[in-house]
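Everything below concerns the one structure shown next.
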Amino acid sequence: MSDDRADCNDLRDDLAAYALGALGADDAVVLERHLEGCESCNARLRWLSPAVDLLPATVQQRTPPPSLRENLMTTVRAEAAAAEPAREPVPARESWWAGFRGLMLRPATGMAVLILLVVGVGAGYLLRGSGTAEPTTALVKAQPLNNAVPVSATLERSGDS
């Protein structure tokens, strides 16, 4: 028996599913590639076409019961939950602390935090100064307006205020 005949035998059952549109995408690609060069399978597909076209007209159409969808979805959810590995929820406080602790345990992160702290303290000290300020005095004189009493004031500044 030749390879072409072996391929035809292997793909014969797929022809009906292909005609109904129920064949998977990968299998459909393989079958379409085979159909390009196989007249025997093309003839069988043409032979199945009238039955495929007649099938919807011969089967009585029924409306499914309203509970069918909910029952089906309940089954699907139960099977999905059984297939998924169980995960225990982590309380929000623990997950935040665990993430922070993990971040702080990394050497590069710890070193960066230490450097930023030292630079911040140093910059604050330099911007503020030594903390001792000498009193500053400024003399302000105002020019008298018409028939106004001359006024003078002294402003003093001491400390950081």
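So you can find residues: chains in the structure tokens are A, B, ... in the order shown, residues in each start at 1, and ligands are numbered from 1 in order.
Once range 20-28 of chain A and its same-chain neighbours fewer than 5 positions away are set aside, Asp10, Leu11, Asp13, Asp14, Leu15, Arg33, His34, Leu35, Leu45, Leu48, Ser49, Pro50, Ala51, Val52, Asp53, Leu54, Leu55 and Pro56 of chain A remain within 12 Å of it when counting only C-alpha atoms.
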Create the file for the chosen residues now, containing C-alpha atoms and written as a PDB file, in the first residue's frame.
ATOM      1  CA  ASP A  10      -5.906   8.144   8.222  1.00  0.00           C
ATOM      2  CA  LEU A  11      -7.776  11.253   7.063  1.00  0.00           C
ATOM      3  CA  ASP A  13     -12.731  10.141   9.392  1.00  0.00           C
ATOM      4  CA  ASP A  14     -11.553  13.737   9.387  1.00  0.00           C
ATOM      5  CA  LEU A  15     -13.425  14.428   6.119  1.00  0.00           C
ATOM      6  CA  ARG A  33      -3.029  20.307   2.161  1.00  0.00           C
ATOM      7  CA  HIS A  34      -3.881  16.646   1.478  1.00  0.00           C
ATOM      8  CA  LEU A  35      -7.019  17.594  -0.478  1.00  0.00           C
ATOM      9  CA  LEU A  45     -15.914  15.229   0.463  1.00  0.00           C
ATOM     10  CA  LEU A  48     -20.630  14.027   2.005  1.00  0.00           C
ATOM     11  CA  SER A  49     -21.704  17.591   1.123  1.00  0.00           C
ATOM     12  CA  PRO A  50     -25.416  16.845   0.392  1.00  0.00           C
ATOM     13  CA  ALA A  51     -25.746  15.029   3.730  1.00  0.00           C
ATOM     14  CA  VAL A  52     -24.111  17.910   5.556  1.00  0.00           C
ATOM     15  CA  ASP A  53     -26.444  20.394   3.837  1.00  0.00           C
ATOM     16  CA  LEU A  54     -29.515  18.247   4.606  1.00  0.00           C
ATOM     17  CA  LEU A  55     -28.654  17.542   8.238  1.00  0.00           C
ATOM     18  CA  PRO A  56     -29.955  20.812   9.776  1.00  0.00           C
TER      19      PRO A  56
END
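CA of Met73 in chain A to CA of Gln60 in chain A spans 25.1 Å [interatomic distance, one decimal].
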Students should find that CA of Arg69 in chain A and CA of Ala82 in chain A are spaced 19.9 Å
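Distances here use only C-alpha atoms; by that measure, the residue among A:Cys8, A:Leu68, A:Ala81, A:Val121 closest to Ser40 in chain A is A:Cys8.
You will find CA of Ala17 in chain A at 28.2 Å from CA of Glu70 in chain A.
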